[in-house]
Number of protein chains: 2
Amino acid sequence: MAASAGVSPATVSRFLNGGRVRQSVAIGRAIDELGFRPSALARSLKSGSTRAIGVVVPDITNPFFAAVVKGIESVTRDDEYDLYLCNTDESVEREHRVVASLMAKKVDGLLMAPATEHAEPPSHLLSTGVPTVFIDRQLAEGDFDSVLVDNEGGAAQAAAHLISLGHERIAMISGPLETTPGRGRYEGFVEALRAAGLELRVEHTAFSDFRASGGYQSMLRLLAVQPQPTAIFVANNLMAMGALRAIHDLGLRIPDDISFLSFDSLDLGELLDPPLTVIDRPMEEQGVLAMRLLLNRMEHRDMGPPRTIRLETKLKVGASCAPPMSTLHKRVRGAAS
Amino acid sequence: MAASAGVSPATVSRFLNGGRVRQSVAIGRAIDELGFRPSALARSLKSGSTRAIGVVVPDITNPFFAAVVKGIESVTRDDEYDLYLCNTDESVEREHRVVASLMAKKVDGLLMAPATEHAEPPSHLLSTGVPTVFIDRQLAEGDFDSVLVDNEGGAAQAAAHLISLGHERIAMISGPLETTPGRGRYEGFVEALRAAGLELRVEHTAFSDFRASGGYQSMLRLLAVQPQPTAIFVANNLMAMGALRAIHDLGLRIPDDISFLSFDSLDLGELLDPPLTVIDRPMEEQGVLAMRLLLNRMEHRDMGPPRTIRLETKLKVGASCAPPMSTLHKRVRGAAS
DNA sequence: GGCTCGTCTGGTATCGATTTCTGTAATCGA
DNA sequence: TCGATTACAGAAATCGATACCAGACGAGCC
């Protein structure tokens, strides 16, 4: 390349980086003619920066993570950084591999959403000093940045709503307790029930995997229990889809036969019959905040203490939750007497 | 690194690549102690291969593309290739940037789903000889591999279904004609109507952008036309979501007020009331086939002529399409006379 | 013992850019 | 016109690995 423009490689380099160069026209022409593209590989090797950010999510088909990614992208100034988006399929093993690979590729920053966090946290991989922000996950050590949602609070809102409607036999499909959102939502829900003098009974609890298929199976199992629960709280959107399908397949009606409440809204939730009542939360915003935080760390050499940002949830009332039948009966009886 | 193990860099390299090395224990220990990870950058620079595949999609929040990605991943033997997943946000400009960046990063292969294909096809970027498979898109030149769905056929199935129910005032929300699926579905639909002696009238046609917001606006506009169409065919899933919302917001009922049929199924489509009738197609499989084709090109040096794989669509009948009211009236009148 | 052969090793060029350092020509003021 | 300053070009080292080549060493054979 340098030769074909009749200059030294150093001059080409200066030209590429916007330095003043007398032969710029000749170089420009040579570039066009040869279809020359500088190798990002060589550039990064020498410069030590790849201008790339790794994004690790457990399941890209989950609309929540898709939205988070969208938020992240909206912050990336276009020419500045590339994103390496990686899917771990909810597998710790794949997460390790993926992170190792990103480190080997020398990304300048890392955004990580949870698979699980027990079982050998990837922190030893992060000791490389690459700025990292966790999304929806908080490591036990607590010395990393996190952007979380108030899982406990949201679950408590859910419990409060169901309790206020008069439910007592309440069931829950929980996510894995090894994840921040799984544990937070479970504990928040249990605690809120307990505070109201209620109990989340073992036979009314299913621990699943945040996936639609798991939600389906769990719902079938919970509905086989007698007496049936009068309300169900599902800990995320995908399991909610599965659970809805199970209820539908069994021919049960919402909310007549069972009240339905989920954490995270569904894409078509408000078009369903009945429109779903959900614990809603900002999704894209979570990506936006995480990315901003990361860029801060990366660019301003922000070395302050680890920060945790916690977003608020909001109860969005549809029509999938109603007082339980038994309450209605009581009321009717009460009115009749 | 080499120094700290007391051997030459060449020996370390051999060790890393599984060659027989006498000092392997010493090297292994040094690696552990230093937390040494070989730089993928340097390795790729020298070897010319990055073991990475670029995947370019227009909108990762579209469940269709999410499913395609999942299919692609399922084929990737885990240790063999990394995926660089890139979102273009349906923008030609971003697509160019993304492809340029992937080329600079020297990916070994490329899977591209469409933004648009007119307006300066990225082929000049592909002249680098990087094996490329297009998904859902066919370049005019036709000298690239493609994995497509039978857009024309699917649209024709849609038309046939609506026609068989007796509809005549049929509307369509089409995607952009500059995309393969946009054009194919539009032309297939128009052609099928014409073959049946019907016409897709201008005021019953909306050209939109494959997005939910576009579908919403388009649906509002089409429903403002008098006389209202009795059936609507929507060219993709996201626009269908928007269109459903519009119908819902206007308080119209499906299929009583309007029959609804879309290309691509919706995640919760069969749980809606009524369950949607859709033109369905294999989604993950499209990713699987594309990836297999790409790996073939990459590894077996398959230099055969460009291949085009075309998947079949399938009409999945729900309950969102019914005979138009006018037909019912006629029938009623016919029966009464 | 001398020879060949096979196994392993270190030295060194290389991938393609950046970066420092030096050298030379151009520019300026006096 | 001269010396000082500026502006730019090229030579060469460098990033961290791989790959080729030549050399060291031990084993086996006549």
# chains A, B, ... in the order shown; residues from 1 in each chain; ligands from 1
call {"tool": "closest_atom_pairs", "arguments": {"of": "chain B", "to": "chain D", "cutoff": "12 Å", "atoms": "only C-alpha atoms (C1' of nucleotides)", "output": "Markdown table"}}
result
| residue | atom | partner | partner_atom | distance |
| --- | --- | --- | --- | --- |
| B:Met1 | CA | D:DG16 | C1' | 10.4 |
| B:Ala2 | CA | D:DG16 | C1' | 11.2 |
| B:Pro9 | CA | D:DA17 | C1' | 8.6 |
| B:Ala10 | CA | D:DT18 | C1' | 8.0 |
| B:Thr11 | CA | D:DT18 | C1' | 10.8 |
| B:Val12 | CA | D:DA17 | C1' | 9.9 |
| B:Ser13 | CA | D:DT18 | C1' | 7.3 |
| B:Arg14 | CA | D:DT18 | C1' | 9.1 |
| B:Leu16 | CA | D:DA17 | C1' | 10.6 |
| B:Asn17 | CA | D:DT18 | C1' | 10.1 |
| B:Arg37 | CA | D:DG16 | C1' | 10.9 |
| B:Pro38 | CA | D:DA17 | C1' | 7.6 |
| B:Ser39 | CA | D:DG16 | C1' | 6.7 |
| B:Ala40 | CA | D:DA17 | C1' | 8.3 |
| B:Leu41 | CA | D:DG16 | C1' | 8.0 |
| B:Ala42 | CA | D:DA17 | C1' | 4.8 |
| B:Arg43 | CA | D:DA17 | C1' | 4.8 |
| B:Ser44 | CA | D:DA17 | C1' | 8.2 |
| B:Leu45 | CA | D:DA17 | C1' | 8.1 |
| B:Lys46 | CA | D:DT18 | C1' | 6.0 |
| B:Ser47 | CA | D:DT18 | C1' | 6.7 |
| B:Gly48 | CA | D:DT18 | C1' | 10.3 |
| B:Ser49 | CA | D:DT18 | C1' | 11.9 |
call {"tool": "select_by_dssp", "arguments": {"residues": "region 94-240 of chain A", "states": "strand (DSSP E or B)", "output": "list of chain:residue names"}}
result
A:Gly109, A:Leu110, A:Leu111, A:Met112, A:Thr132, A:Val133, A:Phe134, A:Ile135, A:Asp145, A:Ser146, A:Val147, A:Leu148, A:Val149, A:Ile170, A:Ala171, A:Met172, A:Ile173, A:Ser174, A:Thr205, A:Ala206, A:Phe207, A:Ala231, A:Ile232, A:Phe233, A:Val234
call {"tool": "closest_atom_pairs", "arguments": {"of": "chain A", "to": "chain B", "cutoff": "8 Å", "atoms": "only C-alpha atoms", "output": "CSV"}}
result
residue,atom,partner,partner_atom,distance
A:Arg37,CA,B:Ala104,CA,6.4
A:Pro38,CA,B:Ala104,CA,6.5
A:Ser39,CA,B:Ala104,CA,5.1
A:Ala40,CA,B:Ala104,CA,5.1
A:Leu41,CA,B:Leu41,CA,5.7
A:Ala42,CA,B:Leu45,CA,6.3
A:Ser44,CA,B:Leu41,CA,7.4
A:Leu45,CA,B:Leu41,CA,6.0
A:Ile60,CA,B:Ala66,CA,6.3
A:Thr61,CA,B:Ala66,CA,5.0
A:Pro63,CA,B:Thr61,CA,6.4
A:Ala66,CA,B:Thr61,CA,5.0
A:Ala67,CA,B:Thr61,CA,6.5
A:Lys70,CA,B:Thr61,CA,7.7
A:Asp82,CA,B:Ser101,CA,7.9
A:Leu83,CA,B:Cys86,CA,7.1
A:Tyr84,CA,B:Tyr84,CA,5.3
A:Leu85,CA,B:Leu85,CA,5.2
A:Cys86,CA,B:Leu85,CA,7.1
A:Ser101,CA,B:Asp82,CA,7.9
A:Ala104,CA,B:Ala40,CA,5.1
A:Lys105,CA,B:Ala40,CA,5.2
A:Lys106,CA,B:Ser39,CA,7.5
A:Met241,CA,B:Leu268,CA,7.3
A:Leu244,CA,B:Leu271,CA,7.8
A:Arg245,CA,B:Leu271,CA,7.0
A:His248,CA,B:Leu271,CA,7.3
A:Leu268,CA,B:Leu268,CA,7.1
A:Leu271,CA,B:Arg245,CA,7.0
A:Leu272,CA,B:Leu272,CA,5.2
A:Asp273,CA,B:Asp273,CA,6.1
call {"tool": "write_last_selection", "arguments": {"atoms": "N, CA, C and O atoms", "output": "compact mmCIF listing (two decimals), in the first residue's frame"}}
result
# COMPACT_ATOMS: atom_id res chain seq x y z
N ARG A 37 -8.37 -1.17 3.00
CA ARG A 37 -8.98 -0.95 4.32
C ARG A 37 -7.93 -1.26 5.37
O ARG A 37 -7.39 -2.36 5.36
N PRO A 38 -7.67 -0.33 6.23
CA PRO A 38 -6.68 -0.64 7.28
C PRO A 38 -7.17 -1.78 8.15
O PRO A 38 -8.35 -1.90 8.43
N SER A 39 -6.27 -2.63 8.55
CA SER A 39 -6.62 -3.78 9.38
C SER A 39 -6.83 -3.36 10.83
O SER A 39 -5.91 -2.88 11.48
N ALA A 40 -8.05 -3.55 11.29
CA ALA A 40 -8.33 -3.21 12.68
C ALA A 40 -7.50 -4.06 13.61
O ALA A 40 -7.15 -3.65 14.71
N LEU A 41 -7.18 -5.26 13.14
CA LEU A 41 -6.38 -6.17 13.95
C LEU A 41 -5.03 -5.55 14.28
O LEU A 41 -4.63 -5.44 15.44
N ALA A 42 -4.31 -5.19 13.25
CA ALA A 42 -2.98 -4.62 13.44
C ALA A 42 -3.05 -3.34 14.25
O ALA A 42 -2.27 -3.10 15.16
N SER A 44 -5.29 -2.43 16.44
CA SER A 44 -5.57 -2.67 17.85
C SER A 44 -4.37 -3.29 18.56
O SER A 44 -4.09 -3.00 19.72
N LEU A 45 -3.70 -4.14 17.84
CA LEU A 45 -2.55 -4.81 18.45
C LEU A 45 -1.54 -3.77 18.94
O LEU A 45 -1.04 -3.84 20.05
N ILE A 60 -31.06 -13.88 23.87
CA ILE A 60 -31.39 -12.73 23.02
C ILE A 60 -32.83 -12.80 22.53
O ILE A 60 -33.40 -11.81 22.10
N THR A 61 -33.44 -13.98 22.60
CA THR A 61 -34.83 -14.05 22.17
C THR A 61 -35.77 -13.54 23.24
O THR A 61 -36.97 -13.42 23.01
N PRO A 63 -37.48 -10.73 24.92
CA PRO A 63 -37.71 -9.33 24.55
C PRO A 63 -37.10 -8.34 25.53
O PRO A 63 -36.71 -7.24 25.15
N ALA A 66 -33.53 -8.06 24.48
CA ALA A 66 -33.51 -7.38 23.19
C ALA A 66 -33.69 -5.87 23.39
O ALA A 66 -33.01 -5.07 22.77
N ALA A 67 -34.58 -5.52 24.30
CA ALA A 67 -34.81 -4.10 24.57
C ALA A 67 -33.59 -3.47 25.22
O ALA A 67 -33.21 -2.34 24.91
N LYS A 70 -31.13 -2.75 22.69
CA LYS A 70 -31.53 -1.56 21.93
C LYS A 70 -31.13 -0.29 22.70
O LYS A 70 -30.64 0.67 22.11
N ASP A 82 -17.82 -0.45 18.50
CA ASP A 82 -18.57 -1.59 17.99
C ASP A 82 -19.02 -2.42 19.17
O ASP A 82 -18.36 -2.46 20.20
N LEU A 83 -20.14 -3.07 18.99
CA LEU A 83 -20.61 -3.98 20.03
C LEU A 83 -20.39 -5.42 19.58
O LEU A 83 -20.66 -5.76 18.44
N TYR A 84 -19.88 -6.23 20.48
CA TYR A 84 -19.88 -7.67 20.25
C TYR A 84 -20.97 -8.25 21.13
O TYR A 84 -20.82 -8.32 22.33
N LEU A 85 -22.06 -8.63 20.48
CA LEU A 85 -23.19 -9.14 21.23
C LEU A 85 -23.09 -10.66 21.33
O LEU A 85 -22.98 -11.34 20.33
N CYS A 86 -23.12 -11.16 22.54
CA CYS A 86 -22.95 -12.60 22.74
C CYS A 86 -24.08 -13.19 23.56
O CYS A 86 -24.52 -12.60 24.54
N SER A 101 -13.28 -15.42 25.60
CA SER A 101 -13.04 -15.05 24.21
C SER A 101 -13.03 -13.53 24.04
O SER A 101 -12.19 -12.98 23.33
N ALA A 104 -9.77 -12.25 25.30
CA ALA A 104 -8.70 -12.53 24.35
C ALA A 104 -8.76 -11.55 23.18
O ALA A 104 -7.74 -11.15 22.65
N LYS A 105 -9.98 -11.17 22.83
CA LYS A 105 -10.15 -10.24 21.72
C LYS A 105 -9.91 -8.81 22.19
O LYS A 105 -10.00 -7.88 21.42
N LYS A 106 -9.67 -8.67 23.47
CA LYS A 106 -9.29 -7.38 24.04
C LYS A 106 -10.34 -6.28 23.85
O LYS A 106 -10.05 -5.21 23.33
N MET A 241 -45.24 -16.42 29.48
CA MET A 241 -45.81 -16.88 28.22
C MET A 241 -46.13 -18.37 28.29
O MET A 241 -47.21 -18.82 27.85
N LEU A 244 -49.12 -18.94 30.58
CA LEU A 244 -50.38 -18.59 29.92
C LEU A 244 -50.83 -19.70 29.01
O LEU A 244 -52.01 -20.07 28.96
N ARG A 245 -49.86 -20.25 28.30
CA ARG A 245 -50.18 -21.32 27.37
C ARG A 245 -50.73 -22.53 28.13
O ARG A 245 -51.70 -23.16 27.70
N HIS A 248 -54.20 -21.84 29.21
CA HIS A 248 -55.03 -21.90 28.02
C HIS A 248 -55.30 -23.35 27.62
O HIS A 248 -56.44 -23.75 27.34
N LEU A 268 -47.49 -8.40 23.75
CA LEU A 268 -48.89 -8.22 23.38
C LEU A 268 -49.80 -8.27 24.60
O LEU A 268 -51.01 -8.45 24.47
N LEU A 271 -53.11 -6.68 24.74
CA LEU A 271 -54.08 -7.05 23.71
C LEU A 271 -54.72 -8.40 24.00
O LEU A 271 -55.62 -8.84 23.31
N LEU A 272 -54.17 -9.06 25.02
CA LEU A 272 -54.76 -10.35 25.37
C LEU A 272 -56.11 -10.12 26.02
O LEU A 272 -56.45 -9.02 26.47
N ASP A 273 -56.84 -11.20 26.08
CA ASP A 273 -58.14 -11.13 26.75
C ASP A 273 -58.09 -12.05 27.96
O ASP A 273 -58.08 -13.27 27.80
call {"tool": "closest_atom_pairs", "arguments": {"of": "chain C", "to": "chain A", "cutoff": "9 Å", "atoms": "only C-alpha atoms (C1' of nucleotides)", "output": "CSV"}}
result
residue,atom,partner,partner_atom,distance
C:DC15,C1',A:Ala42,CA,8.0
C:DG16,C1',A:Ala42,CA,5.1
C:DA17,C1',A:Ala42,CA,4.8
C:DT18,C1',A:Lys46,CA,6.0
C:DT19,C1',A:Ala10,CA,8.8
call {"tool": "write_last_selection", "arguments": {"atoms": "N, CA and C atoms (P, O5', C5', C4', C3', O3' and C1' of nucleotides)", "output": "PDB file, in the first residue's frame"}}
result
ATOM      1  P    DC C  15       4.794 -10.053   5.736  1.00  0.00           P
ATOM      2  O5'  DC C  15       3.389  -9.987   6.478  1.00  0.00           O
ATOM      3  C5'  DC C  15       2.557 -11.139   6.609  1.00  0.00           C
ATOM      4  C4'  DC C  15       1.526 -10.858   7.675  1.00  0.00           C
ATOM      5  C3'  DC C  15       0.989  -9.434   7.632  1.00  0.00           C
ATOM      6  O3'  DC C  15      -0.265  -9.431   6.967  1.00  0.00           O
ATOM      7  C1'  DC C  15       1.547 -10.130   9.876  1.00  0.00           C
ATOM      8  P    DG C  16      -0.480  -8.257   5.849  1.00  0.00           P
ATOM      9  O5'  DG C  16      -0.683  -6.931   6.719  1.00  0.00           O
ATOM     10  C5'  DG C  16      -1.855  -6.799   7.486  1.00  0.00           C
ATOM     11  C4'  DG C  16      -1.753  -5.551   8.323  1.00  0.00           C
ATOM     12  C3'  DG C  16      -1.444  -4.273   7.543  1.00  0.00           C
ATOM     13  O3'  DG C  16      -2.290  -3.257   8.034  1.00  0.00           O
ATOM     14  C1'  DG C  16       0.040  -4.490   9.324  1.00  0.00           C
ATOM     15  P    DA C  17      -2.632  -1.983   7.159  1.00  0.00           P
ATOM     16  O5'  DA C  17      -2.036  -0.799   8.086  1.00  0.00           O
ATOM     17  C5'  DA C  17      -2.828  -0.128   9.002  1.00  0.00           C
ATOM     18  C4'  DA C  17      -2.292  -0.278  10.408  1.00  0.00           C
ATOM     19  C3'  DA C  17      -1.666   0.975  11.010  1.00  0.00           C
ATOM     20  O3'  DA C  17      -2.690   1.705  11.649  1.00  0.00           O
ATOM     21  C1'  DA C  17      -0.438  -1.021  11.559  1.00  0.00           C
ATOM     22  P    DT C  18      -2.449   3.221  12.011  1.00  0.00           P
ATOM     23  O5'  DT C  18      -1.429   3.113  13.242  1.00  0.00           O
ATOM     24  C5'  DT C  18      -1.918   2.682  14.495  1.00  0.00           C
ATOM     25  C4'  DT C  18      -0.804   2.760  15.521  1.00  0.00           C
ATOM     26  C3'  DT C  18      -0.348   4.173  15.883  1.00  0.00           C
ATOM     27  O3'  DT C  18      -0.153   4.174  17.292  1.00  0.00           O
ATOM     28  C1'  DT C  18       1.507   2.916  15.187  1.00  0.00           C
ATOM     29  P    DT C  19      -0.112   5.565  18.095  1.00  0.00           P
ATOM     30  O5'  DT C  19       1.453   5.724  18.378  1.00  0.00           O
ATOM     31  C5'  DT C  19       2.174   4.613  18.873  1.00  0.00           C
ATOM     32  C4'  DT C  19       3.649   4.978  18.922  1.00  0.00           C
ATOM     33  C3'  DT C  19       3.922   6.484  19.069  1.00  0.00           C
ATOM     34  O3'  DT C  19       4.989   6.644  19.983  1.00  0.00           O
ATOM     35  C1'  DT C  19       5.085   5.637  17.211  1.00  0.00           C
TER      36       DT C  19
END
call {"tool": "atom_distance", "arguments": {"atom1": "CA of Ala159 (chain A)", "atom2": "CA of Gln226 (chain A)"}}
result
21.3 Å
call {"tool": "select_by_dssp", "arguments": {"residues": "region 1-226 of chain A", "states": "helix (DSSP H, G or I)", "output": "VMD selection string"}}
result
chain A and resid 2 to 5 9 to 16 24 to 34 40 to 47 63 to 75 92 to 104 123 to 126 151 to 164 180 to 195 202 to 204 212 to 224
call {"tool": "closest_residue", "arguments": {"among": "A:Asp136, A:Asp280, A:Glu191, A:Asp150", "to": "Ser265 (chain A)", "atoms": "only C-alpha atoms"}}
result
A:Asp280
call {"tool": "atom_distance", "arguments": {"atom1": "CA of Ser218 (chain B)", "atom2": "CA of Arg137 (chain B)"}}
result
24.0 Å
call {"tool": "residues_around", "arguments": {"residues": "Arg22 (chain B)", "least_positions_apart": "4", "cutoff": "12 Å", "atoms": "only C-alpha atoms (C1' of nucleotides)", "output": "list of chain:residue names"}}
result
B:Val7, B:Thr11, B:Val12, B:Arg14, B:Phe15, B:Gly18, B:Ala26, B:Ile27, B:Gly28, C:DT7, C:DC8, C:DT9
call {"tool": "atom_distance", "arguments": {"atom1": "CA of Ala158 (chain A)", "atom2": "CA of Leu111 (chain A)"}}
result
29.0 Å
call {"tool": "residues_around", "arguments": {"residues": "region 202-207 of chain A", "least_positions_apart": "6", "cutoff": "10 Å", "atoms": "only C-alpha atoms (C1' of nucleotides)", "output": "list of chain:residue names"}}
result
A:Arg169, A:Ile170, A:Ala171, A:Met172, A:Ile173, A:Ser174, A:Gly175, A:Pro176, A:Leu177, A:Gly182, A:Tyr186, A:Gly214, A:Gly215, A:Gln217, A:Ser218, A:Met219, A:Arg221, A:Leu222, A:Leu223, A:Ala224, A:Val225, A:Gln226, A:Gln228, A:Pro229, A:Ile232, A:Phe233, A:Val234, A:Ala235
call {"tool": "decode", "arguments": {"residues": "region 1-28 of chain D", "atoms": "C-alpha atoms (C1' of nucleotides)", "output": "tab-separated table (two decimals), in the first residue's frame"}}
result
chain	number	residue	atom	x	y	z
D	1	DT	C1'	21.49	36.18	3.92
D	2	DC	C1'	21.68	33.65	8.13
D	3	DG	C1'	20.09	31.13	12.06
D	4	DA	C1'	16.01	29.52	14.48
D	5	DT	C1'	11.76	27.48	14.23
D	6	DT	C1'	8.30	24.74	12.10
D	7	DA	C1'	6.46	21.09	9.12
D	8	DC	C1'	6.60	17.06	7.32
D	9	DA	C1'	8.87	12.46	5.54
D	10	DG	C1'	11.20	8.23	6.34
D	11	DA	C1'	13.77	4.61	9.07
D	12	DA	C1'	13.25	1.48	12.42
D	13	DA	C1'	11.37	-0.48	16.69
D	14	DT	C1'	7.20	-2.29	18.43
D	15	DC	C1'	2.66	-4.78	19.62
D	16	DG	C1'	2.22	-10.52	20.46
D	17	DA	C1'	1.71	-14.11	18.34
D	18	DT	C1'	3.11	-17.80	14.22
D	19	DA	C1'	6.27	-20.25	11.00
D	20	DC	C1'	10.29	-21.40	8.82
D	21	DC	C1'	14.96	-22.73	9.33
D	22	DA	C1'	18.88	-24.35	11.30
D	23	DG	C1'	21.14	-26.47	15.19
D	24	DA	C1'	21.52	-29.55	19.47
D	25	DC	C1'	20.92	-33.79	21.34
D	26	DG	C1'	20.05	-38.64	22.04
D	27	DA	C1'	19.05	-43.06	19.95
D	28	DG	C1'	19.91	-46.69	16.82
